[in-house]
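What follows is one structure encoded as structure tokens, with my remarks underneath.
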There are 2 protein chains.
Amino acid sequence: MPDTAAYESTERTVPTRNRERAAYDHAVVHAILDEGYVCHLGFVRDGAPVVLPTLYARVGRRLYVHGSTGSRPLRMAGEADPGLQVCLTVTHVDGLVLARSAFHHSINYRSVVVHGTARQVTEQAERAAALDALVDQVVPGRAQDSRPADAKELAATAVLRLDLEEVSAKVRTGGPNDDPEDESLPYWSGVLPVSRAYGTPVPAEGLDPSVGVPDYLTAAR
Amino acid sequence: MPDTAAYESTERTVPTRNRERAAYDHAVVHAILDEGYVCHLGFVRDGAPVVLPTLYARVGRRLYVHGSTGSRPLRMAGEADPGLQVCLTVTHVDGLVLARSAFHHSINYRSVVVHGTARQVTEQAERAAALDALVDQVVPGRAQDSRPADAKELAATAVLRLDLEEVSAKVRTGGPNDDPEDESLPYWSGVLPVSRAYGTPVPAEGLDPSVGVPDYLTAAR
């Protein structure tokens, strides 16, 4: 059954401009999140903003991020009660939009912004599932085809959970929006499509040559 | 003459982990910035972090971002004295690193994190140069080949400047760092290269067919 529900909008998830680009449907939000694996995680430290790139995974209506127990946001989330206020943003660039006027140049993109409180996950089964999800978010199928974390590695890793509650997507598609009086100007105008490309897998030094490239790597990306 | 100088490190630009991945050289930092055009801009609003994707341009040791005069961070930077505290982060993903152990999975990436105060640019010549730089950061050579902003468009656009002072790069390269005892495990291991790909330019509706695709578009990307 398709998920036709939507996230409730709030004052801070309604954009001040280009409101027609905003979306709250689960289907739109989740598809953007599922296509990526690197987010930009923002938090406040000593009153100042900090934005760090990190991996994430989506499991239902929850996001997970992880890191060393010694890393700043992970430590701060463990010490703060009830957790660390964060803003987690995922962006895909789909095209460069060249208008006749400099002013109307733009980017086709899909982004999701999540506001909320990131909490440390302490329950062992949820931690293990989140770590599998983090590996599978990058390469679906990989978690089952690698050595699981042992007790020492688990103890060194902190996992944060961020529930999807205050969430919005923003999407721009299509060609340039030039003013009608500019349309006859002699400048090329249109869209240069942008996508993510994957190259040929490079085996690790010393890899047993009888271990072939797995199907999930050649197929999935 | 090559720029052999480096940014001074501060408490918040020295990572708590993987310090060997950090770099402060102008050459490293500027090359990462120059390869991109979308950043994630973080600021604090009502005590909570906000992270938004936006375009940026580098001009020497300054970054510029722009937006509608009505957009939140632009308005906040104009109202705050001396400006708005921001963290601006740029990230390129270069590869997916598959280790034999789930724990040592990683990403090859290059990122730059800039901390500082974003100030509104009011001087007209600097504003015009910044807007050209923002167009040329996305498609080098394009600013000269489009209609410049008129007075009304200039009045609707706010430009912020962020000086490069407290800046660091972080770079991971190479293969997986598996523990020696894992190297004989029967899992494929190595790197899947990732890059940005550009497609065939799509002309705008109604574009005069005699206007060919400019060289800077086919060449630069």
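Each chain of the structure tokens is named A, B, ... in the order shown, its residues numbered from 1; ligands are numbered from 1 in display order.
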As a PyMOL selection string, please: the residues near Ala204 in chain A (cut-off 8 Å, only C-alpha atoms, same-chain neighbours under 3 positions excluded).
(chain A and resi 207) or (chain B and resi 175-176+189-191)
Polymer residues at most 12 Å from Leu96 in chain B, only C-alpha atoms, same-chain spacing of 3 or more positions, as JSON, numbers by chain
{"A": [37, 38, 55, 135, 136, 137, 138, 139, 142, 197, 198, 199, 200, 201, 202, 203, 217, 221], "B": [92, 93, 99, 104, 105, 106, 107, 108, 109, 172, 173, 174, 175, 176, 189, 190, 191, 192, 193, 194, 195]}
Take the residues that were just selected and, keeping N, CA and C atoms, output them as a short mmCIF file (atom, residue, chain, number, x, y, z; two decimals), in the first residue's frame.
data_model
loop_
_atom_site.label_atom_id
_atom_site.label_comp_id
_atom_site.auth_asym_id
_atom_site.auth_seq_id
_atom_site.Cartn_x
_atom_site.Cartn_y
_atom_site.Cartn_z
N TYR A 37 23.48 9.30 0.80
CA TYR A 37 24.09 8.67 1.97
C TYR A 37 24.97 9.65 2.75
N VAL A 38 25.27 10.81 2.15
CA VAL A 38 26.02 11.85 2.87
C VAL A 38 25.06 12.99 3.19
N LEU A 55 27.78 10.37 7.18
CA LEU A 55 26.87 9.39 6.59
C LEU A 55 25.59 9.30 7.41
N VAL A 135 25.63 0.91 6.57
CA VAL A 135 26.43 0.29 5.50
C VAL A 135 25.56 0.09 4.25
N ASP A 136 24.32 -0.38 4.46
CA ASP A 136 23.44 -0.66 3.32
C ASP A 136 22.93 0.60 2.63
N GLN A 137 22.91 1.73 3.36
CA GLN A 137 22.49 2.99 2.72
C GLN A 137 23.48 3.38 1.62
N VAL A 138 24.76 3.10 1.87
CA VAL A 138 25.81 3.45 0.89
C VAL A 138 25.83 2.42 -0.24
N VAL A 139 25.85 1.15 0.11
CA VAL A 139 25.86 0.06 -0.89
C VAL A 139 24.84 -0.99 -0.43
N ARG A 142 25.43 -4.70 1.19
CA ARG A 142 26.80 -4.87 1.66
C ARG A 142 26.89 -5.35 3.11
N ALA A 197 28.23 9.82 -10.84
CA ALA A 197 28.70 8.71 -11.66
C ALA A 197 29.61 7.81 -10.84
N TYR A 198 29.53 6.51 -11.12
CA TYR A 198 30.36 5.54 -10.41
C TYR A 198 31.33 4.91 -11.39
N GLY A 199 32.59 4.81 -11.00
CA GLY A 199 33.63 4.29 -11.86
C GLY A 199 33.81 2.78 -11.69
N THR A 200 34.92 2.28 -12.20
CA THR A 200 35.23 0.86 -12.10
C THR A 200 35.79 0.56 -10.72
N PRO A 201 35.25 -0.46 -10.02
CA PRO A 201 35.75 -0.77 -8.67
C PRO A 201 37.25 -1.06 -8.68
N VAL A 202 37.96 -0.52 -7.69
CA VAL A 202 39.40 -0.69 -7.55
C VAL A 202 39.65 -1.65 -6.38
N PRO A 203 40.13 -2.87 -6.63
CA PRO A 203 40.32 -3.82 -5.53
C PRO A 203 41.37 -3.32 -4.54
N LEU A 217 27.44 -4.50 -6.19
CA LEU A 217 28.26 -3.32 -6.47
C LEU A 217 28.11 -2.91 -7.93
N ARG A 221 24.62 0.60 -8.27
CA ARG A 221 24.97 1.98 -8.63
C ARG A 221 25.05 2.14 -10.14
N HIS B 92 33.07 17.15 -1.30
CA HIS B 92 33.08 16.35 -2.53
C HIS B 92 33.26 14.89 -2.14
N VAL B 93 32.42 14.02 -2.67
CA VAL B 93 32.57 12.58 -2.43
C VAL B 93 33.36 11.99 -3.60
N ALA B 99 35.46 -2.06 3.15
CA ALA B 99 36.43 -2.87 3.87
C ALA B 99 35.86 -4.26 4.10
N HIS B 104 35.21 -0.75 9.29
CA HIS B 104 36.18 0.07 8.55
C HIS B 104 35.64 0.59 7.22
N HIS B 105 34.34 0.40 6.96
CA HIS B 105 33.77 1.04 5.77
C HIS B 105 33.91 2.55 5.91
N SER B 106 34.12 3.23 4.79
CA SER B 106 34.35 4.66 4.86
C SER B 106 34.02 5.30 3.51
N ILE B 107 34.30 6.58 3.43
CA ILE B 107 34.07 7.36 2.21
C ILE B 107 35.36 8.11 1.92
N ASN B 108 35.79 8.11 0.67
CA ASN B 108 36.85 9.04 0.28
C ASN B 108 36.19 10.37 -0.06
N TYR B 109 36.69 11.44 0.53
CA TYR B 109 36.02 12.74 0.38
C TYR B 109 37.05 13.84 0.56
N ARG B 172 40.15 12.41 2.86
CA ARG B 172 40.46 10.98 2.97
C ARG B 172 40.67 10.43 1.57
N THR B 173 41.77 9.71 1.39
CA THR B 173 42.05 9.07 0.10
C THR B 173 42.47 7.63 0.37
N GLY B 174 42.58 6.85 -0.67
CA GLY B 174 43.16 5.51 -0.56
C GLY B 174 42.16 4.42 -0.27
N GLY B 175 42.68 3.24 -0.08
CA GLY B 175 41.86 2.04 0.09
C GLY B 175 41.40 1.84 1.52
N PRO B 176 40.75 0.71 1.77
CA PRO B 176 40.26 0.41 3.12
C PRO B 176 41.40 0.14 4.09
N SER B 189 36.83 -6.26 -1.38
CA SER B 189 37.22 -5.07 -0.64
C SER B 189 37.95 -4.14 -1.58
N GLY B 190 37.68 -2.85 -1.46
CA GLY B 190 38.32 -1.88 -2.35
C GLY B 190 37.53 -0.59 -2.38
N VAL B 191 37.67 0.15 -3.47
CA VAL B 191 37.05 1.47 -3.58
C VAL B 191 36.21 1.53 -4.85
N LEU B 192 34.99 2.05 -4.72
CA LEU B 192 34.17 2.36 -5.88
C LEU B 192 34.28 3.87 -6.12
N PRO B 193 34.96 4.28 -7.21
CA PRO B 193 35.13 5.73 -7.44
C PRO B 193 33.79 6.42 -7.71
N VAL B 194 33.66 7.62 -7.21
CA VAL B 194 32.46 8.44 -7.40
C VAL B 194 32.89 9.78 -7.98
N SER B 195 32.14 10.27 -8.94
CA SER B 195 32.43 11.60 -9.46
C SER B 195 31.14 12.26 -9.91
#
Leaving out range 5-21 of chain A and any residue of its chain fewer than 2 positions from it, which residues lie within 12 Å of it when counting only C-alpha atoms, given as a ChimeraX atom specification?
/A:1-3,23-30,61,87,108-116,163-174 /B:45-46,48-52,67-75
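CA of Val65 in chain A is found 18.8 Å from CA of Asp150 in chain A.
Minimum distance to Pro140 in chain A across A:Leu63, A:Ala155, A:Val97, A:Ala57 (counting only C-alpha atoms) occurs at A:Ala57.
In this model, the gap between CA of Gly78 in chain B and CA of Ser101 in chain A comes to 25.7 Å.
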